[in-house]
Each structure stands twice: as C-alpha cells, then as structure tokens.
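Undergrad: Following this line is entry.cif, made up of mmCIF, C-alpha atoms:
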data_input
loop_
_atom_site.label_atom_id
_atom_site.label_comp_id
_atom_site.auth_asym_id
_atom_site.auth_seq_id
_atom_site.Cartn_x
_atom_site.Cartn_y
_atom_site.Cartn_z
CA MET A 188 -4.03 -9.22 -12.11
CA ALA A 189 -4.92 -9.40 -8.39
CA LEU A 190 -6.64 -6.34 -6.98
CA VAL A 191 -6.30 -5.89 -3.22
CA ASP A 192 -8.55 -3.57 -1.22
CA ILE A 193 -6.27 -1.98 1.37
CA PRO A 194 -7.93 -0.30 4.39
CA GLY A 195 -7.52 3.41 4.99
CA SER A 196 -4.27 4.95 6.15
CA LYS A 197 -3.74 4.98 9.89
CA SER A 198 -1.58 8.11 9.66
CA ILE A 199 -4.12 10.00 7.58
CA THR A 200 -7.09 8.88 9.67
CA ALA A 201 -5.45 10.05 12.90
CA ARG A 202 -4.54 13.43 11.46
CA ALA A 203 -8.00 13.80 9.95
CA LEU A 204 -9.64 13.10 13.29
CA PHE A 205 -7.54 15.82 14.97
CA LEU A 206 -8.26 18.32 12.18
CA ALA A 207 -11.96 17.52 12.14
CA ALA A 208 -12.19 17.95 15.92
CA ALA A 209 -10.42 21.31 15.72
CA ALA A 210 -12.34 22.62 12.70
CA ASP A 211 -15.29 24.98 12.62
CA GLY A 212 -18.23 22.84 11.47
CA VAL A 213 -18.96 19.18 10.77
CA THR A 214 -16.35 17.18 8.85
CA ARG A 215 -17.07 13.96 6.95
CA LEU A 216 -14.22 11.47 6.72
CA VAL A 217 -14.68 9.02 3.85
CA ARG A 218 -13.40 5.44 4.25
CA PRO A 219 -11.37 6.06 7.41
CA LEU A 220 -9.41 3.18 8.87
CA ARG A 221 -11.39 1.24 11.46
CA SER A 222 -8.86 -0.47 13.71
CA ASP A 223 -7.85 -0.53 17.36
CA ASP A 224 -5.63 2.54 16.94
CA THR A 225 -8.19 4.72 15.19
CA GLU A 226 -11.10 3.55 17.32
CA GLY A 227 -8.97 4.47 20.31
CA PHE A 228 -8.40 7.93 18.86
CA ALA A 229 -12.12 8.42 18.24
CA GLU A 230 -12.92 7.15 21.74
CA GLY A 231 -10.42 9.67 23.15
CA LEU A 232 -12.16 12.48 21.29
CA THR A 233 -15.47 11.35 22.72
CA ARG A 234 -14.00 11.38 26.23
CA LEU A 235 -12.94 14.98 25.57
CA GLY A 236 -16.50 15.89 24.63
CA TYR A 237 -16.37 15.81 20.85
CA ARG A 238 -19.18 14.13 18.92
CA VAL A 239 -18.06 11.40 16.52
CA GLY A 240 -20.80 9.80 14.43
CA ARG A 241 -20.23 6.64 12.39
CA THR A 242 -21.81 5.16 9.28
CA PRO A 243 -20.49 2.08 7.47
CA ASP A 244 -18.45 4.14 5.02
CA SER A 245 -17.71 7.39 6.83
CA TRP A 246 -17.28 9.20 10.15
CA HIS A 247 -18.75 12.61 11.00
CA VAL A 248 -17.01 14.82 13.55
CA ASP A 249 -18.48 17.97 15.09
CA GLY A 250 -15.57 20.37 15.38
CA ARG A 251 -14.93 22.61 18.37
CA PRO A 252 -12.37 25.34 17.55
CA GLY A 253 -12.23 26.31 21.24
CA GLY A 254 -11.06 22.91 22.42
CA PRO A 255 -12.66 20.05 24.36
CA ALA A 256 -16.29 20.37 25.41
CA VAL A 257 -15.58 19.09 28.93
CA GLU A 258 -13.41 20.71 31.57
CA ARG A 259 -12.13 17.43 32.99
CA ALA A 260 -11.44 14.11 31.31
CA ASP A 261 -9.44 10.91 31.73
CA VAL A 262 -8.33 9.50 28.36
CA TYR A 263 -6.86 6.04 27.74
CA CYS A 264 -4.78 6.02 24.56
CA ARG A 265 -4.45 2.22 24.21
CA ASP A 266 -1.40 1.31 22.06
CA GLY A 267 -1.78 4.27 19.70
CA ALA A 268 1.22 6.55 19.34
CA THR A 269 -0.75 9.11 17.34
CA THR A 270 -3.49 9.07 19.99
CA ALA A 271 -0.95 9.39 22.80
CA ARG A 272 0.89 12.28 21.14
CA PHE A 273 -1.82 14.18 19.29
CA LEU A 274 -4.67 14.22 21.81
CA PRO A 275 -2.73 15.84 24.68
CA THR A 276 -1.64 18.53 22.21
CA LEU A 277 -5.25 19.08 21.14
CA ALA A 278 -6.37 19.28 24.77
CA ALA A 279 -3.66 21.87 25.53
CA ALA A 280 -5.50 24.30 23.24
CA GLY A 281 -8.62 24.10 25.42
CA HIS A 282 -9.45 24.98 29.00
CA GLY A 283 -9.58 22.32 31.66
CA THR A 284 -7.70 19.49 33.35
CA TYR A 285 -7.01 16.41 31.25
CA ARG A 286 -5.22 13.19 32.13
CA PHE A 287 -3.82 10.74 29.57
CA ASP A 288 -2.58 7.20 30.06
CA ALA A 289 -1.77 4.33 27.70
CA SER A 290 -0.91 0.64 27.48
CA ALA A 291 2.31 -0.74 28.93
CA GLN A 292 3.73 -0.86 25.40
CA MET A 293 2.90 2.81 24.75
CA ARG A 294 4.12 3.85 28.20
CA ARG A 295 7.58 2.65 27.16
CA ARG A 296 7.64 4.84 24.04
CA PRO A 297 9.18 8.30 24.44
CA LEU A 298 7.34 11.62 24.58
CA GLY A 299 10.09 13.80 26.03
CA PRO A 300 10.87 16.12 23.08
CA LEU A 301 7.17 16.90 22.57
CA SER A 302 6.61 17.47 26.29
CA ARG A 303 9.56 19.87 26.45
CA ALA A 304 8.32 21.81 23.44
CA LEU A 305 4.81 22.14 24.90
CA ARG A 306 6.25 23.33 28.20
CA ASP A 307 8.39 25.88 26.34
CA LEU A 308 5.10 27.19 24.90
CA GLY A 309 3.72 27.63 28.40
CA VAL A 310 1.65 24.45 28.65
CA ASP A 311 1.28 23.15 32.22
CA LEU A 312 2.16 19.50 31.57
CA ARG A 313 3.20 16.97 34.21
CA HIS A 314 4.39 13.39 33.79
CA GLU A 315 3.05 11.38 36.71
CA GLU A 316 5.68 8.63 36.76
CA ALA A 317 8.66 8.42 34.38
CA GLU A 318 9.62 11.80 32.92
CA GLY A 319 8.90 11.91 29.19
CA HIS A 320 6.44 9.01 29.28
CA HIS A 321 2.76 8.38 29.91
CA PRO A 322 0.80 8.86 32.10
CA LEU A 323 0.63 12.65 31.97
CA SER A 324 -1.76 15.42 32.93
CA ILE A 325 -2.35 18.86 31.43
CA SER A 326 -3.90 21.90 33.06
CA ALA A 327 -4.93 23.70 29.89
CA SER A 328 -5.59 27.39 29.41
CA GLY A 329 -5.03 27.72 25.69
CA VAL A 330 -1.69 28.25 23.98
CA GLU A 331 -0.36 31.71 23.19
CA GLY A 332 2.10 30.62 20.50
CA GLY A 333 5.60 31.80 19.73
CA THR A 334 8.87 30.16 18.74
CA VAL A 335 9.98 26.73 19.88
CA THR A 336 12.87 24.39 19.06
CA LEU A 337 12.09 20.70 18.57
CA ASP A 338 14.30 17.63 18.36
CA ALA A 339 12.47 15.36 15.89
CA GLY A 340 15.15 12.67 15.68
CA GLN A 341 13.08 9.98 17.40
CA SER A 342 9.75 10.58 15.73
CA SER A 343 8.22 12.94 13.18
CA GLN A 344 4.99 12.68 15.18
CA TYR A 345 6.38 15.27 17.62
CA LEU A 346 6.58 17.79 14.82
CA THR A 347 3.18 16.80 13.44
CA ALA A 348 1.57 17.32 16.84
CA LEU A 349 3.00 20.85 17.10
CA LEU A 350 2.11 21.71 13.52
CA LEU A 351 -1.50 20.61 14.08
CA LEU A 352 -1.59 22.79 17.19
CA GLY A 353 -0.29 25.88 15.37
CA PRO A 354 -3.57 27.27 13.95
CA LEU A 355 -5.19 26.84 17.38
CA THR A 356 -2.69 29.14 19.10
CA ARG A 357 -3.51 32.79 19.66
CA THR A 358 -0.50 34.26 17.80
CA GLY A 359 0.76 31.42 15.61
CA LEU A 360 3.71 29.10 15.90
CA ARG A 361 7.28 29.04 14.61
CA ILE A 362 9.00 25.64 14.97
CA GLU A 363 12.75 25.26 14.49
CA VAL A 364 13.45 21.57 13.91
CA THR A 365 16.61 19.52 14.36
CA ASP A 366 17.35 16.01 13.08
CA LEU A 367 14.00 15.28 11.43
CA VAL A 368 13.26 11.61 10.79
CA SER A 369 10.49 10.19 8.54
CA ALA A 370 10.10 13.52 6.75
CA PRO A 371 7.41 12.28 4.30
CA TYR A 372 4.98 11.93 7.20
CA VAL A 373 5.38 15.65 7.85
CA GLY A 374 4.49 16.20 4.20
CA ILE A 375 1.22 14.38 4.84
CA THR A 376 0.54 16.69 7.79
CA LEU A 377 1.20 19.87 5.82
CA ALA A 378 -1.00 18.82 2.89
CA MET A 379 -3.86 17.88 5.19
CA MET A 380 -3.61 21.08 7.24
CA ARG A 381 -3.89 23.09 4.03
CA ALA A 382 -6.89 21.01 2.95
CA PHE A 383 -8.56 22.11 6.19
CA GLY A 384 -7.74 25.79 5.53
CA ALA A 385 -4.54 26.32 7.52
CA ASP A 386 -1.74 28.66 6.46
CA VAL A 387 1.62 26.94 6.96
CA THR A 388 4.99 27.64 5.33
CA VAL A 389 8.33 25.84 5.37
CA ASP A 390 11.81 27.31 4.95
CA GLY A 391 14.44 24.61 5.40
CA ASP A 392 14.14 23.39 8.99
CA VAL A 393 11.79 26.18 10.06
CA PHE A 394 8.02 25.73 9.99
CA GLU A 395 5.67 28.68 10.48
CA VAL A 396 1.96 28.26 11.16
CA ALA A 397 -0.45 31.20 11.21
CA PRO A 398 -3.31 31.39 13.71
CA GLY A 399 -6.88 31.24 12.45
CA GLY A 400 -8.07 27.68 13.03
CA TYR A 401 -9.43 25.14 10.55
CA ARG A 402 -12.47 24.82 8.28
CA ALA A 403 -14.60 21.68 8.19
CA THR A 404 -14.61 19.71 4.95
CA THR A 405 -15.27 16.32 3.39
CA TYR A 406 -12.01 14.39 3.38
CA PRO A 407 -11.35 11.03 1.64
CA VAL A 408 -8.77 8.79 3.35
CA GLU A 409 -6.16 7.09 1.15
CA PRO A 410 -5.44 3.37 1.49
CA ASP A 411 -2.56 2.72 3.90
CA ALA A 412 0.74 2.61 2.00
CA SER A 413 2.58 0.85 4.83
CA THR A 414 -0.05 -1.90 4.81
CA ALA A 415 0.14 -2.12 1.03
CA SER A 416 3.87 -2.84 1.34
CA TYR A 417 3.16 -6.41 2.52
CA PHE A 418 1.19 -7.20 -0.62
CA PHE A 419 3.70 -5.47 -2.88
CA ALA A 420 6.52 -7.45 -1.23
CA ALA A 421 4.53 -10.66 -1.54
CA ALA A 422 4.12 -10.13 -5.27
CA ALA A 423 7.84 -9.43 -5.69
CA LEU A 424 8.73 -12.53 -3.67
CA THR A 425 6.38 -14.97 -5.40
CA GLY A 426 6.54 -13.76 -8.98
CA ARG A 427 2.89 -12.74 -8.90
CA GLU A 428 1.19 -9.41 -9.57
CA VAL A 429 -0.82 -7.14 -7.30
CA THR A 430 -2.54 -3.79 -7.88
CA VAL A 431 -3.69 -1.36 -5.22
CA HIS A 432 -6.18 1.33 -6.22
CA GLY A 433 -6.09 4.72 -4.51
CA LEU A 434 -2.29 4.81 -4.23
CA GLY A 435 -0.70 6.40 -7.25
CA ALA A 436 1.47 9.27 -8.39
CA GLY A 437 -0.52 11.78 -6.33
CA ALA A 438 -0.48 9.80 -3.07
CA LEU A 439 0.34 11.70 0.11
CA GLN A 440 2.12 8.84 1.84
CA GLY A 441 5.87 8.56 1.53
CA ASP A 442 5.83 4.84 2.31
CA LEU A 443 4.66 4.22 -1.25
CA ALA A 444 8.34 4.74 -2.11
CA PHE A 445 8.84 1.18 -0.87
CA VAL A 446 7.95 0.06 -4.39
CA ASP A 447 11.06 1.86 -5.62
CA VAL A 448 13.10 -0.41 -3.34
CA LEU A 449 11.36 -3.43 -4.89
CA ARG A 450 12.10 -2.03 -8.34
CA ARG A 451 15.79 -1.84 -7.47
CA MET A 452 15.60 -5.46 -6.35
CA GLY A 453 14.25 -6.49 -9.75
CA ALA A 454 10.47 -6.25 -9.50
CA HIS A 455 8.43 -4.61 -12.25
CA VAL A 456 6.56 -1.55 -10.91
CA GLU A 457 3.94 0.62 -12.60
CA THR A 458 2.61 3.72 -10.87
CA GLY A 459 -0.39 5.41 -12.47
CA PRO A 460 -2.37 8.45 -11.37
CA ASP A 461 -4.49 6.44 -8.90
CA ARG A 462 -3.04 2.92 -8.75
CA THR A 463 0.22 1.05 -8.27
CA THR A 464 1.05 -2.40 -9.64
CA VAL A 465 3.98 -4.61 -8.62
CA ARG A 466 4.86 -7.79 -10.48
CA GLY A 467 7.56 -10.20 -9.42
CA THR A 468 10.07 -11.22 -12.07
CA GLY A 469 11.36 -14.45 -10.57
CA GLY A 470 14.26 -13.15 -8.50
CA LEU A 471 15.37 -10.49 -6.03
CA ARG A 472 18.69 -8.68 -6.03
CA GLY A 473 20.61 -7.72 -2.92
CA LEU A 474 21.13 -4.02 -2.25
CA THR A 475 22.06 -1.36 0.26
CA VAL A 476 19.27 1.10 0.97
CA ASN A 477 18.74 4.10 3.25
CA MET A 478 15.24 3.78 4.75
CA ARG A 479 15.26 6.79 7.08
CA ASP A 480 12.23 8.30 5.36
CA ILE A 481 10.27 5.03 5.00
CA SER A 482 11.34 3.22 8.15
CA ASP A 483 7.91 1.67 8.82
CA THR A 484 8.57 -0.56 5.81
CA MET A 485 11.96 -1.71 7.10
CA PRO A 486 10.49 -4.94 8.55
CA THR A 487 8.78 -5.67 5.23
CA LEU A 488 12.11 -5.56 3.42
CA ALA A 489 13.85 -7.51 6.17
CA ALA A 490 11.26 -10.28 5.84
CA ILE A 491 12.00 -10.90 2.15
CA ALA A 492 15.72 -10.14 2.30
CA PRO A 493 16.89 -13.78 2.80
CA PHE A 494 15.54 -14.63 -0.65
CA ALA A 495 17.71 -12.07 -2.45
CA ASP A 496 20.77 -13.14 -4.40
CA GLY A 497 23.07 -11.06 -2.22
CA PRO A 498 23.13 -9.28 1.14
CA VAL A 499 20.44 -6.70 1.90
CA ARG A 500 21.75 -3.88 4.08
CA ILE A 501 19.22 -1.38 5.50
CA GLU A 502 20.72 1.82 6.90
CA ASP A 503 19.73 4.91 8.92
CA VAL A 504 16.82 3.29 10.78
CA ALA A 505 17.75 3.99 14.40
CA ASN A 506 14.24 5.30 15.05
CA THR A 507 12.81 1.80 14.46
CA ARG A 508 14.25 0.90 17.87
CA VAL A 509 11.63 3.09 19.60
CA LYS A 510 8.50 1.93 17.79
CA GLU A 511 5.98 -0.56 19.21
CA CYS A 512 9.08 -2.63 19.93
CA ASP A 513 12.75 -2.47 18.96
CA ARG A 514 11.89 -3.45 15.40
CA LEU A 515 15.46 -3.64 14.22
CA GLU A 516 16.36 -6.17 16.92
CA ALA A 517 13.03 -8.01 16.58
CA CYS A 518 13.67 -8.56 12.87
CA ALA A 519 17.21 -9.75 13.57
CA GLU A 520 16.10 -12.12 16.31
CA ASN A 521 13.34 -13.67 14.23
CA LEU A 522 15.47 -14.04 11.11
CA ARG A 523 18.13 -15.80 13.17
CA ALA A 524 15.43 -18.10 14.56
CA LEU A 525 14.63 -18.97 10.94
CA GLY A 526 18.30 -19.83 10.37
CA VAL A 527 19.32 -16.67 8.53
CA ARG A 528 22.64 -14.92 9.09
CA VAL A 529 22.08 -11.35 10.29
CA GLU A 530 24.33 -8.55 11.53
CA THR A 531 23.18 -5.33 13.20
CA GLY A 532 24.50 -2.00 14.37
CA PRO A 533 22.99 1.03 16.11
CA ASP A 534 21.09 2.12 13.01
CA TRP A 535 21.52 -0.68 10.46
CA ILE A 536 20.78 -4.31 9.75
CA GLU A 537 22.44 -6.57 7.16
CA ILE A 538 20.69 -9.76 6.10
CA HIS A 539 22.44 -12.48 4.12
CA PRO A 540 20.92 -14.90 1.63
CA GLY A 541 19.73 -18.14 3.17
CA VAL A 542 17.22 -20.95 3.22
CA PRO A 543 14.89 -20.11 6.11
CA ALA A 544 13.36 -22.96 8.13
CA ALA A 545 10.03 -22.79 9.95
CA ALA A 546 9.95 -21.29 13.45
CA GLU A 547 7.58 -19.36 15.69
CA ILE A 548 7.92 -15.61 15.26
CA ARG A 549 8.17 -13.57 18.45
CA THR A 550 5.98 -10.57 17.70
CA TYR A 551 6.43 -8.37 20.79
CA GLY A 552 2.80 -7.38 20.20
CA ASP A 553 3.88 -5.44 17.10
CA HIS A 554 1.50 -5.58 14.14
CA ARG A 555 4.24 -4.84 11.63
CA ILE A 556 6.35 -7.80 12.74
CA VAL A 557 3.38 -10.13 12.18
CA MET A 558 2.43 -8.73 8.77
CA SER A 559 6.04 -8.67 7.55
CA PHE A 560 6.81 -12.28 8.46
CA ALA A 561 3.47 -13.36 7.01
CA VAL A 562 5.15 -12.48 3.70
CA THR A 563 8.10 -14.74 4.60
CA SER A 564 5.65 -17.57 5.26
CA LEU A 565 4.72 -17.60 1.57
CA ARG A 566 8.10 -19.26 0.96
CA VAL A 567 8.53 -20.96 4.35
CA PRO A 568 5.54 -23.15 5.30
CA GLY A 569 5.04 -23.73 9.01
CA ILE A 570 5.86 -20.26 10.34
CA GLY A 571 3.74 -19.36 13.37
CA PHE A 572 3.25 -16.28 15.55
CA ASP A 573 3.02 -15.96 19.32
CA ASP A 574 0.45 -13.13 19.00
CA PRO A 575 -1.11 -13.11 15.52
CA GLY A 576 -4.07 -11.03 16.73
CA CYS A 577 -2.01 -7.88 17.32
CA VAL A 578 -2.72 -6.94 13.68
CA ARG A 579 -5.99 -5.47 15.02
CA LYS A 580 -3.96 -2.31 15.68
CA THR A 581 -4.10 -1.33 12.01
CA PHE A 582 -5.64 -4.16 9.94
CA PRO A 583 -8.03 -6.41 11.89
CA ASP A 584 -8.81 -8.55 8.80
CA PHE A 585 -5.20 -8.90 7.66
CA HIS A 586 -4.91 -12.67 8.00
CA GLU A 587 -8.14 -13.27 6.09
CA VAL A 588 -7.30 -10.84 3.28
CA PHE A 589 -3.66 -11.93 2.98
CA GLY A 590 -4.65 -15.59 3.15
CA ALA A 591 -7.22 -15.12 0.39
CA TRP A 592 -4.60 -13.42 -1.81
CA ALA A 593 -2.14 -16.25 -1.19
CA ALA A 594 -4.77 -18.92 -1.88
CA ALA A 595 -5.74 -17.25 -5.14
CA GLY A 596 -2.18 -17.68 -6.34
CA GLU A 597 -2.18 -21.36 -5.43
CA ASP A 598 -5.35 -21.85 -7.46
CA ARG A 599 -3.86 -20.44 -10.67
#
What is this file in structure tokens?
TA:
Amino acid sequence: MALVDIPGSKSITARALFLAAAADGVTRLVRPLRSDDTEGFAEGLTRLGYRVGRTPDSWHVDGRPGGPAVERADVYCRDGATTARFLPTLAAAGHGTYRFDASAQMRRRPLGPLSRALRDLGVDLRHEEAEGHHPLSISASGVEGGTVTLDAGQSSQYLTALLLLGPLTRTGLRIEVTDLVSAPYVGITLAMMRAFGADVTVDGDVFEVAPGGYRATTYPVEPDASTASYFFAAAALTGREVTVHGLGAGALQGDLAFVDVLRRMGAHVETGPDRTTVRGTGGLRGLTVNMRDISDTMPTLAAIAPFADGPVRIEDVANTRVKECDRLEACAENLRALGVRVETGPDWIEIHPGVPAAAEIRTYGDHRIVMSFAVTSLRVPGIGFDDPGCVRKTFPDFHEVFGAWAAAGEDR
C-alpha cells in the first residue's frame, strides 16, 4: 500500500488566512499549504498591515477585527483567485484606500458579480481598466450590511467572499443567491466560519450571517482533495493502490467525491474516518457524469478518459471555461494532440477510447492541466509540458512526489 503525503488544501488555507486576519486574537494554522497562491495571500495580508508569522509546521496570524492596520496599501495578488477575490472584500471592512492588481492571467478572470454585490452594499469600489476585472481600488469605510442578491454561476468564490465578510458588517448580511456552482466549496466556508465563532444560517438559496466578528483558534488544514485526485486517478489507471491520510468520511472538501467517479469506473475505493484508499482493478469503464460540484477535478478525469472501455462524457462544467484558462477547451486540445477523439459543447466534453501517442502538452500556465496530464504520462511515455513549473501555484514539489510514486510502482 502506497501512502502519499498530500500538501494542505489551497481552499482551506486561503479561507483560514482570511478568518485568522479578521479574528480577535492570534490564530495558529497547522500544516497550511505553502505554495505560490497561499504565499501570495499571506504577502497580501502583510501589505495590509497584518502580522503573519511562520514556523516549519504552522503559521500564526495576529487578527484585527477592525480591518487592515494601514490606511493605504497596494496589493499584488499574483495568480491567486482566492487572493484576488477575498482580500478586497476583507479590506472593504476597514478604513482606508486600497489598490489591488494581479497577473495577466488573473486579470482575465471575472470579478463582476462580486464587485456589483459589494457596490450594492455601499462599498466604494472602482475598476481601473476593464469593468469587472483587476486592477481595482477600494475607498473603505466599513460595511453596514443588509440584503444583497448575488449571481454565483461563474464561481462559488463570490459567495464565499461575501459570507466571510458578513460577521464584519455592522448589522449582518443576508445573501440571496442565484445559480450557485461548486456548492461543496461553500460548505467548506460555512464550516470554517462556524469554527471561528460565526453565526450563519442557510435556508435554500438564502444565506444569513449575523454580525459579531470571529474568535481566534488553532485550526488544522486538511490535505488538498483536488491534489489528491491525481494520485487517486493514477492508482485507478495503473492498477496500483494509494492511500491518503487526513481525507476521510469527515473531510470538508467536496472534491473528495472524485473517488466516487472512480468507483463508478471500476476502481475499488475505501473511505475510512480519516483516510481514503483507491485501488485500480485493471480496467476503467466509460460513463456520463455531472461534475458541476467537483469541476476542479474535471481535467483529472479527462486525462484518464481515453483508457476507458467506452466514451466518458463530463457534463455541466461551463464554469471550467473561466478558471486559470479555459480548462474544457485546453483538455480537448491536448487530448486531440495525443490523437484522441474529443467532442465539446458549451458545458460538456465527450472523450472517446483511444491509444494516445506522445506529444507536448500546452499548459496555458494552469497547474491543473500539468498535474492531470502527468497522470496520462503513466501510460504514454514521452509526454512533455511547455510550462511544467506552473505547479508551484498549489504543489511546488508535485513532479518529485508524483515521480517518486510512479518509480515505486516500477520497482515492485
């Protein structure tokens, strides 16, 4: 049985950094993810005047319930969507003038629904170039609260940002949501807010958050379920076995449901209280699957789909077109380059069985494209990547860890 040590969840680390910064007291985050995205988030907090201390196994954040310690700051969000969406919302609860910019890749990703919701709450927010995109500036004077309607069809991060803001408002927040995508990520947000002392309730598509702030705590960060998907898929593809500790029946992350997709394809899956094991059984079945709630794992499935015994059709993943790249089209393009027959629509991709041949994968600077097609390379020697280093966004040591796991199987 191969045990793989998966780094901490990017989604949980980002939320924990926001909550720790907003809490009353010093919060200790245990085994947070250390990657370009999360380091960028921590750097942004530092620019806003928060103190972030680091030890090898934990981060300590001095919370400031009243908002940033500085009255003026210029924050660069790098490629991080959580940084680019959460930090402006945190700054809005303070008092001062704050400017946010991001990489060219992040500048292309949309912010419009979140910006409109913040403006509806009275936040003085201005986009400096393209409306609904970075760069932006905020003249903050705190947020009163109230009722706001949010379109969350492009990203659940818009809703998470507003939920995290709720306890920092003066009167609380009522959010009426339409067309929510990636709902399990909102579940992560709600559970973490409650762990930091917030009072939040849900009634259908209406979320209500009471004022009152957050309490500092010690918070352990789960391993990243999206990252674990590459190792689970690799086991299913190669007939090997892999176990990930820290992700089990009580896990917060919805992307662990990817193992249920592998189970439907024929893999053997065991989920215990604090671990998950996947063992390949020598074959993969084709299937049709709705991945709206676990769309970050769509490329993982696409990468192993050619080896199934029938077509693999992935539906309801339109939001993958506005991630780090158009992931749906990037997967289709790269699979075709490998010689695989692929069809696509606005929100679906269908991949037919084939015998992929080696080619260079065009990554578009997207870490998930690299890590997904690294799984393909286990059956197709000679695959290369035009930007293998972009995995630093979430898993800087991915190639070393994945390579060691693959080599261990060759040595059996």
Undergrad: Output the residue selection produced by the PyMOL selection byres ((chain A and resi 278) around 9) on the file above, formatted as a ChimeraX atom specification.
TA: /A:235,254-255,273-277,279-285,325,327,329
Undergrad: Those same residues - C-alpha atoms - I'd like them written as a PDB file, in the frame of the given file.
TA:
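For reference, again.pdb as written:
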ATOM      1  CA  LEU A 235     -12.940  14.980  25.570  1.00  0.00           C
ATOM      2  CA  GLY A 254     -11.060  22.910  22.420  1.00  0.00           C
ATOM      3  CA  PRO A 255     -12.660  20.050  24.360  1.00  0.00           C
ATOM      4  CA  PHE A 273      -1.820  14.180  19.290  1.00  0.00           C
ATOM      5  CA  LEU A 274      -4.670  14.220  21.810  1.00  0.00           C
ATOM      6  CA  PRO A 275      -2.730  15.840  24.680  1.00  0.00           C
ATOM      7  CA  THR A 276      -1.640  18.530  22.210  1.00  0.00           C
ATOM      8  CA  LEU A 277      -5.250  19.080  21.140  1.00  0.00           C
ATOM      9  CA  ALA A 279      -3.660  21.870  25.530  1.00  0.00           C
ATOM     10  CA  ALA A 280      -5.500  24.300  23.240  1.00  0.00           C
ATOM     11  CA  GLY A 281      -8.620  24.100  25.420  1.00  0.00           C
ATOM     12  CA  HIS A 282      -9.450  24.980  29.000  1.00  0.00           C
ATOM     13  CA  GLY A 283      -9.580  22.320  31.660  1.00  0.00           C
ATOM     14  CA  THR A 284      -7.700  19.490  33.350  1.00  0.00           C
ATOM     15  CA  TYR A 285      -7.010  16.410  31.250  1.00  0.00           C
ATOM     16  CA  ILE A 325      -2.350  18.860  31.430  1.00  0.00           C
ATOM     17  CA  ALA A 327      -4.930  23.700  29.890  1.00  0.00           C
ATOM     18  CA  GLY A 329      -5.030  27.720  25.690  1.00  0.00           C
TER      19      GLY A 329
END
Undergrad: Tell me, in Å to one decimal, how far atom CA of A:Ile570 is from atom CA of A:Ala489.
TA: 15.6 Å
Undergrad: Nearest residue to A:Leu474 out of A:Ser324, A:Ile538, A:Ser369, A:Ala438, using all atoms listed in the file?
TA: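 For A:Leu474, the nearest of the given residues is A:Ile538.
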Undergrad: Evaluate the PyMOL selection byres ((chain A and resi 224-231) around 9) on the structure here and hand back the selected residues as number ranges by chain.
TA: A: 197, 200-201, 204-205, 219-223, 232-237, 239, 261-271, 274, 579-581
Undergrad: Show me the residues close to (6.6, 17.7, 9.2) - anything with an atom within 10 Å, counting only C-alpha atoms - and format the list as a list in words.
TA: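 Residues lying no farther than 10 Å from the given point: Ala339, Ser343, Gln344, Tyr345, Leu346, Thr347, Ala348, Leu349, Leu350, Leu351, Val364, Leu367, Val368, Ser369, Ala370, Pro371, Tyr372, Val373, Gly374, Ile375, Thr376, Leu377, Ala378, Val389, Asp392, Val393 and Phe394 of chain A.
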Undergrad: If you measure from atom CA of A:Gly400 to atom CA of A:Leu355, what distance in Å do you get, rounded to one decimal?
TA: 5.3 Å
Undergrad: Carefully work through the PyMOL selection byres ((chain A and resi 446-455) around 8) for this structure and note down the residues it includes, as a list in words.
TA: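 Taken over the shown coordinates, the PyMOL selection byres ((chain A and resi 446-455) around 8) returns Ser416, Phe419, Ala420, Ala423, Leu443, Ala444, Phe445, Val456, Glu457, Val465, Arg466, Gly467, Thr468, Gly470, Leu471, Arg472, Gly473, Leu474, Val476 and Ala495 of chain A.
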Undergrad: How many Å lie between atom CA of A:Val408 and atom CA of A:Leu206, rounded to one decimal?
TA: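 Between atom CA of A:Val408 and atom CA of A:Leu206 the gap is 13.0 Å.
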Undergrad: Of the residues A:Gln292, A:Ser413, A:Ser302, A:Asn477, which is the one nearest to A:Thr336, using only C-alpha atoms?
TA: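 Of all the options, A:Ser302 lies closest to A:Thr336.
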Undergrad: Do a neighbour search on A:Pro252 at 6 Å with all atoms listed in the file, toss out local chain neighbours closer than 2 positions, and write the hits as a PDB file with C-alpha atoms, in the coordinates of the input.
TA:
ATOM      1  CA  ALA A 209     -10.420  21.310  15.720  1.00  0.00           C
ATOM      2  CA  ALA A 210     -12.340  22.620  12.700  1.00  0.00           C
ATOM      3  CA  ASP A 211     -15.290  24.980  12.620  1.00  0.00           C
ATOM      4  CA  GLY A 254     -11.060  22.910  22.420  1.00  0.00           C
TER       5      GLY A 254
END
Undergrad: Could you give me, as a PyMOL selection string, the residues that sit within 12 Å of (12.9, -15.0, -0.4) in the file's coordinates, counting only C-alpha atoms?
TA: chain A and resi 420-426+452+467+469-473+487-499+522+527+538-544+560+562-567
Undergrad: Applying 10 Å and all atoms listed in the file, which residues near A:Ala415 remain after dropping the ones on its own chain fewer than 2 positions away? List them as a PyMOL selection string.
TA: chain A and resi 191-194+196+410-413+417-421+429-431+434+442-443+445-446+463+484
Undergrad: My list of candidates is A:Gly596, A:Pro322, A:Pro354, A:Gly309. Which is closest to A:Pro297 when distances are computed with all atoms listed in the file?
TA: A:Pro322
Undergrad: So, counting all atoms listed in the file, which residue among A:Arg549, A:Gly299, A:His554, A:Gln341 is closest to A:Ala317?
TA: A:Gly299
Undergrad: Looking at A:Ala524, A:Leu308, A:Val588, A:Ala260, which one is nearest to A:Leu352, with distances taken over all atoms listed in the file?
TA: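 Selected residue with least distance to A:Leu352: A:Leu308.
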Undergrad: Of the residues A:Asp553, A:Asp461, A:Glu428, A:Asp513, which is the one nearest to A:Trp592, using all atoms listed in the file?
TA: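 Answer, going by the shortest atom-to-atom distance: A:Glu428.
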